Amino acid sequence: MVIPPLRRKVLRDLTRLWAQVLAIALVLAAGVATLILGNGAYSSLYETRARYYEENRFADVFADVTRAPRALLGEVAAIEGVLDAEARIVKLGLLDIPGMVEPGSVLFVSLPETGGFNRLYLRLGRLPDAMSAEEIVVSDGFAKAHGLGPGDRLPVLMNGQRRDLRITGVALSPEFIYALGPGQMMPDPRRFGVVWAPRAALEAAYDLEGAFSNLVLKLAPGANPDRVIEALDRLTERYGGVGAKGRADQISHAFLDAELKQLWAMVRVLPPIFLLVAAMLVNMTLSRLITLEREQIGLLKAIGYTSRAVAQHYVEFVLLIAVVGIGLGFAAGAWLGVGLAQMYARFFSFPYLVFTRDPQLYGLAAVITLAAAVAGALYAVRSVVKLPPAVAMAPPSPAVYRERGAWIRRVLNLRQTGVMVARHLMRWPFRTLSSTLGVAMSVAILVASLWSFGSIDRMIDITFFRSERHDAQIVFGTPEPMPAVFAARTLPGVMVAEPFRQVAATISHRGHEKTLAIMGRPADPRLSRVLDPTLRPMPMPEAGVILSEALAEALQVRPGDLVTVAVQEGRRPIVTLPVSGLSVGYVGLGAAMEIGALNRLMGEGAMVSGVSLQLDPMQTAAFYAAAKTTPKTELISVTSLMLSRFRDTLAENITVMVSVYVILAGIIAVGVVYNFSRIALSEQGRELASLRVLGFTNREVSGVLFGELGTVVFLAQPLGWVIGYGIASAMAAAFSSDLYRVPFVVQRDVYAIASLVVCAAALVSAWAIRGRIDNLDMIEVLKTRE
């Protein structure tokens, strides 16, 4: 097979410039990998969720009631748009496992009916006998955390009564992909699990014979969920319904949606950065190659090669680099995508993982990468087309520096070598600017990833140490009279007890509305405080409501505006209240009132939903044991355990992602600095060799080139900080939702670490170039045609 001469030249150039080619290919590969990684993980999670939902008939609408007769099910099924409805029993219980000191809870759910919704995916064992009073199925994460399996016993407290249940199976459910217990910020399978039991057993345990406490609905295609929910709320109102919610607001689905949103934000931000830098590198390298090969281009045109053929030769050179980058990116992206998707699959309880390798995605990534590479080459190739043979065969005109050197020395007070550095950088402003921008992008990527550590620290500080300062909370199954607070104060180890009241309500303002729990607190709370934007504690107003900044933004209200509060329980009053102030909060949407004012609004007397407690550290075990046996206790929340789980989970996920970002940023920095160095060395080889002949040492000669590199890297730092700040701000806004908000905090150490990592990558590139400078052949360099 005969290879055309120009093709042989392409292969020869690729071999000769292999280091620069590899640097560019790695940057292109990073862009392809992030595109494949983000889109692949997003598509995998999305497709896995969709298939899981469909196969296990995940419901569309969910509603809780206090107690409703099963006869109501017929009326619910008759609502326009409802395809089918299922009545269930859903109740909380407490764990009573020997050796487990800290409190834990389980959510009891009646087994789905035959052909029902939210079907179980059985991992181990079998389903319980429908008539058994002690057989259960437990959630997979909970079973693994406690080492449980079929045949093991699970001691629990159901409605205040101790039961010893027997596990027959381990399962997953589409309803609990993200199994978050009441009051938890992160899933904790050791302290919260889901237990499915026969309906008859739960009816007997919770005195619900012939009744139910929860409804799930499947809607007909095209049905309006809002209208169905409105009709359902009217039916369940008299049975203690607290407002139905659609699939979008179901806690597990909502958290998974938030994660998918974050993945999509990553897909939109990172790949364009890498492809932009790669295009600049291609332009820099190809421009210099064409400059060095002016005579060859002239000869090729003189012997009959058309301008199009010569231009095509250089485009093929770029395309081959792109093909190498695409191949590396495909492999890295697929590998990282599988790892990321598996990490999410562990974090979210899926029974299987549908990892998609969509050919269209790979094809799109290849086309975008090729387009970016060719776009970077167009300007340089255009000069090839315009170059007449006679002009090309003549050496290029020497650079004209005019009086710039004297001006630089006078204004900047530089030594002669410093003047050489400044003159050369100013002689090629576009290349200097593009190199600076490329290094700045690597700094920006690091700033845009490292900022999250400071933000998480701020969230923890405000949430756990400034606002929610209690050691534990006891939540009652139903509102209790105020004497329940006095009873809590008598428990072992309790030093301070502070009541709270939670009431479900819909708050609306000019067409905007949100359903949430209004929290009633004492007038001057100590353990569960509300903070203003300056982080000062806010006293509870005698009249009015304090809204979190996130809720105020969603409702578009300011302090002094009036909002409509429609209570979703009890007598269901509807009142208009002034917004007394705005508070800081990062978890969910918050609204707070003085507990007495909230009780007056409800018209039920002095009632409490639970108690916030400060404990004696030496008596926590005694407190846990006593609190579990309190008849009205439905849930015990421990702040230290919640904080520990929150930190551990975030540390694992963030560390993985930041490690990937550091590697990608290093690739950009090395690629840009190395290519800039090689180009500068090829351009100044004659000058540097002349300096060696004149008696300059290798160190002094290297200092001229490294001065350029250092200047570029130095100028890139503040630019990278600014760009990174902008990217981080956009990411924080993209990550925020009704479930949580990410405080946008960029601490000084973020900029320092980002710059240090990039400078380290630049030093690696400089070290690689130093060897070439030390080995300069002065005689050969001085013979060059330049």
# chains A, B, ... in the order shown; residues from 1 in each chain; ligands from 1

call {"tool": "residues_around", "arguments": {"residues": "region 89-101 of chain A", "least_positions_apart": "5", "cutoff": "6 Å", "atoms": "only C-alpha atoms", "output": "list in words"}}
result
Val106, Leu107, Phe108, Val109, Ser110, Pro155, Val156, Leu157, Met158, Phe212, Ser213 and Asn214 of chain A

call {"tool": "residues_around", "arguments": {"residues": "region 72-84 of chain A", "least_positions_apart": "5", "cutoff": "6 Å", "atoms": "only C-alpha atoms", "output": "MDAnalysis selection string"}}
result
chainID A and resid 217:220 223

call {"tool": "residues_around", "arguments": {"residues": "Phe274 (chain A)", "least_positions_apart": "3", "cutoff": "8 Å", "atoms": "only C-alpha atoms", "output": "PyMOL selection string"}}
result
chain A and resi 27-28+30-31+270-271+277-278+668

call {"tool": "write_last_selection", "arguments": {"atoms": "C-alpha atoms", "output": "PDB file, in the first residue's frame"}}
result
ATOM      1  CA  VAL A  27      -7.090  18.034  27.057  1.00  0.00           C
ATOM      2  CA  LEU A  28      -9.468  16.926  24.295  1.00  0.00           C
ATOM      3  CA  ALA A  30     -10.776  15.393  29.296  1.00  0.00           C
ATOM      4  CA  GLY A  31     -13.533  17.260  27.453  1.00  0.00           C
ATOM      5  CA  LEU A 270     -17.180  21.383  32.270  1.00  0.00           C
ATOM      6  CA  PRO A 271     -16.978  20.053  28.663  1.00  0.00           C
ATOM      7  CA  VAL A 277      -8.803  25.282  25.863  1.00  0.00           C
ATOM      8  CA  ALA A 278      -8.135  22.476  23.374  1.00  0.00           C
ATOM      9  CA  ILE A 668      -5.297  21.509  31.422  1.00  0.00           C
TER      10      ILE A 668
END

call {"tool": "residues_around", "arguments": {"residues": "Phe676 (chain A)", "least_positions_apart": "5", "cutoff": "9 Å", "atoms": "only C-alpha atoms", "output": "VMD selection string"}}
result
chain A and resid 281 284 to 285 431 to 432 435 671 681 709

call {"tool": "closest_residue", "arguments": {"among": "A:Leu6, A:Met280, A:Ala554, A:Val712", "to": "Glu316 (chain A)", "atoms": "only C-alpha atoms"}}
result
A:Leu6

call {"tool": "residues_around", "arguments": {"residues": "Tyr379 (chain A)", "least_positions_apart": "4", "cutoff": "12 Å", "atoms": "only C-alpha atoms", "output": "short mmCIF file (atom, residue, chain, number, x, y, z; two decimals) with C-alpha atoms, in the first residue's frame"}}
result
data_model
loop_
_atom_site.label_atom_id
_atom_site.label_comp_id
_atom_site.auth_asym_id
_atom_site.auth_seq_id
_atom_site.Cartn_x
_atom_site.Cartn_y
_atom_site.Cartn_z
CA ALA A 279 -9.11 24.74 20.46
CA MET A 280 -6.67 27.39 21.70
CA VAL A 282 -4.51 23.53 18.54
CA ASN A 283 -4.32 27.07 17.19
CA MET A 284 -1.08 27.81 19.06
CA THR A 285 0.64 24.58 18.00
CA LEU A 286 -0.49 24.65 14.39
CA SER A 287 0.37 28.32 13.93
CA ARG A 288 3.90 27.67 15.11
CA ILE A 290 3.15 26.49 9.87
CA ALA A 311 -4.51 23.16 3.96
CA TYR A 314 -2.69 20.43 8.25
CA VAL A 315 -6.37 19.81 8.98
CA ALA A 373 -10.25 20.99 17.05
CA VAL A 374 -10.93 22.14 13.48
CA ALA A 375 -12.22 25.50 14.75
CA SER A 383 -2.64 31.65 6.48
CA VAL A 384 -1.51 28.57 4.49
CA VAL A 385 -4.12 29.21 1.81
CA LYS A 386 -3.15 32.88 1.46
CA PHE A 430 -3.00 36.53 21.13
#

call {"tool": "residues_around", "arguments": {"residues": "Ala265 (chain A)", "least_positions_apart": "4", "cutoff": "9 Å", "atoms": "only C-alpha atoms", "output": "PyMOL selection string"}}
result
chain A and resi 38+260-261+269-270+730-731+734-735

call {"tool": "write_last_selection", "arguments": {"atoms": "all heavy atoms", "output": "mmCIF file, in the first residue's frame"}}
result
data_model
loop_
_atom_site.group_PDB
_atom_site.id
_atom_site.type_symbol
_atom_site.label_atom_id
_atom_site.label_comp_id
_atom_site.auth_asym_id
_atom_site.auth_seq_id
_atom_site.Cartn_x
_atom_site.Cartn_y
_atom_site.Cartn_z
ATOM 1 N N GLY A 38 -20.664 12.710 32.435
ATOM 2 C CA GLY A 38 -21.876 13.358 32.922
ATOM 3 C C GLY A 38 -23.125 12.846 32.252
ATOM 4 O O GLY A 38 -24.104 12.469 32.910
ATOM 5 N N LEU A 260 -29.974 14.427 39.904
ATOM 6 C CA LEU A 260 -29.932 14.450 38.444
ATOM 7 C C LEU A 260 -29.730 15.877 37.937
ATOM 8 O O LEU A 260 -29.027 16.111 36.945
ATOM 9 C CB LEU A 260 -31.234 13.863 37.882
ATOM 10 C CG LEU A 260 -31.386 12.343 38.027
ATOM 11 C CD1 LEU A 260 -32.799 11.911 37.643
ATOM 12 C CD2 LEU A 260 -30.363 11.605 37.179
ATOM 13 N N LYS A 261 -30.326 16.827 38.633
ATOM 14 C CA LYS A 261 -30.164 18.229 38.276
ATOM 15 C C LYS A 261 -28.711 18.656 38.410
ATOM 16 O O LYS A 261 -28.179 19.391 37.573
ATOM 17 C CB LYS A 261 -31.075 19.079 39.174
ATOM 18 C CG LYS A 261 -31.087 20.562 38.866
ATOM 19 C CD LYS A 261 -32.030 21.268 39.825
ATOM 20 C CE LYS A 261 -32.017 22.772 39.601
ATOM 21 N NZ LYS A 261 -32.902 23.474 40.579
ATOM 22 N N VAL A 269 -21.361 22.671 32.214
ATOM 23 C CA VAL A 269 -20.278 23.583 32.586
ATOM 24 C C VAL A 269 -18.913 23.091 32.128
ATOM 25 O O VAL A 269 -18.150 23.829 31.498
ATOM 26 C CB VAL A 269 -20.279 23.815 34.114
ATOM 27 C CG1 VAL A 269 -19.028 24.584 34.542
ATOM 28 C CG2 VAL A 269 -21.529 24.576 34.530
ATOM 29 N N LEU A 270 -18.562 21.835 32.441
ATOM 30 C CA LEU A 270 -17.180 21.383 32.270
ATOM 31 C C LEU A 270 -16.748 21.134 30.821
ATOM 32 O O LEU A 270 -15.699 21.630 30.408
ATOM 33 C CB LEU A 270 -16.936 20.133 33.113
ATOM 34 C CG LEU A 270 -16.875 20.356 34.624
ATOM 35 C CD1 LEU A 270 -16.598 19.040 35.335
ATOM 36 C CD2 LEU A 270 -15.794 21.357 34.983
ATOM 37 N N ALA A 730 -22.803 30.032 39.708
ATOM 38 C CA ALA A 730 -23.827 29.423 38.851
ATOM 39 C C ALA A 730 -24.165 28.011 39.318
ATOM 40 O O ALA A 730 -25.333 27.597 39.298
ATOM 41 C CB ALA A 730 -23.342 29.403 37.397
ATOM 42 N N MET A 731 -23.156 27.252 39.751
ATOM 43 C CA MET A 731 -23.397 25.892 40.233
ATOM 44 C C MET A 731 -24.214 25.908 41.524
ATOM 45 O O MET A 731 -25.125 25.093 41.705
ATOM 46 C CB MET A 731 -22.073 25.164 40.458
ATOM 47 C CG MET A 731 -21.309 24.863 39.183
ATOM 48 S SD MET A 731 -19.676 24.131 39.482
ATOM 49 C CE MET A 731 -20.145 22.527 40.104
ATOM 50 N N ALA A 734 -27.694 26.487 40.588
ATOM 51 C CA ALA A 734 -28.278 25.321 39.920
ATOM 52 C C ALA A 734 -28.590 24.201 40.902
ATOM 53 O O ALA A 734 -29.542 23.440 40.720
ATOM 54 C CB ALA A 734 -27.329 24.813 38.830
ATOM 55 N N PHE A 735 -27.785 24.074 41.970
ATOM 56 C CA PHE A 735 -27.975 22.998 42.932
ATOM 57 C C PHE A 735 -29.115 23.273 43.903
ATOM 58 O O PHE A 735 -29.623 22.348 44.538
ATOM 59 C CB PHE A 735 -26.694 22.770 43.740
ATOM 60 C CG PHE A 735 -25.558 22.199 42.940
ATOM 61 C CD1 PHE A 735 -24.276 22.154 43.457
ATOM 62 C CD2 PHE A 735 -25.767 21.717 41.647
ATOM 63 C CE1 PHE A 735 -23.224 21.624 42.727
ATOM 64 C CE2 PHE A 735 -24.722 21.202 40.899
ATOM 65 C CZ PHE A 735 -23.453 21.154 41.437
#

call {"tool": "closest_residue", "arguments": {"among": "A:Arg600, A:Arg521, A:Arg227, A:His512", "to": "Pro499 (chain A)", "atoms": "only C-alpha atoms"}}
result
A:Arg521

call {"tool": "atom_distance", "arguments": {"atom1": "CA of Phe476 (chain A)", "atom2": "CA of Glu634 (chain A)"}}
result
5.1 Å

call {"tool": "residues_around", "arguments": {"residues": "Ala597 (chain A)", "least_positions_apart": "5", "cutoff": "9 Å", "atoms": "only C-alpha atoms", "output": "PyMOL selection string"}}
result
chain A and resi 520+541-544+602

call {"tool": "write_last_selection", "arguments": {"atoms": "N, CA and C atoms", "output": "mmCIF file, in the first residue's frame"}}
result
data_model
loop_
_atom_site.group_PDB
_atom_site.id
_atom_site.type_symbol
_atom_site.label_atom_id
_atom_site.label_comp_id
_atom_site.auth_asym_id
_atom_site.auth_seq_id
_atom_site.Cartn_x
_atom_site.Cartn_y
_atom_site.Cartn_z
ATOM 1 N N GLY A 520 -43.859 26.159 65.498
ATOM 2 C CA GLY A 520 -44.122 27.041 66.619
ATOM 3 C C GLY A 520 -43.039 26.895 67.666
ATOM 4 N N PRO A 541 -42.253 36.611 66.874
ATOM 5 C CA PRO A 541 -43.183 37.752 66.964
ATOM 6 C C PRO A 541 -44.506 37.350 67.615
ATOM 7 N N GLU A 542 -45.131 38.301 68.317
ATOM 8 C CA GLU A 542 -46.434 38.033 68.928
ATOM 9 C C GLU A 542 -47.496 37.798 67.864
ATOM 10 N N ALA A 543 -47.344 38.462 66.741
ATOM 11 C CA ALA A 543 -48.257 38.275 65.604
ATOM 12 C C ALA A 543 -47.429 38.285 64.329
ATOM 13 N N GLY A 544 -47.746 37.420 63.437
ATOM 14 C CA GLY A 544 -46.993 37.357 62.200
ATOM 15 C C GLY A 544 -46.192 36.073 62.100
ATOM 16 N N MET A 602 -54.798 27.606 65.941
ATOM 17 C CA MET A 602 -55.392 26.285 65.815
ATOM 18 C C MET A 602 -56.640 26.144 66.694
#

call {"tool": "closest_residue", "arguments": {"among": "A:Val704, A:Arg88, A:Pro103, A:Val137", "to": "Val421 (chain A)", "atoms": "only C-alpha atoms"}}
result
A:Val704
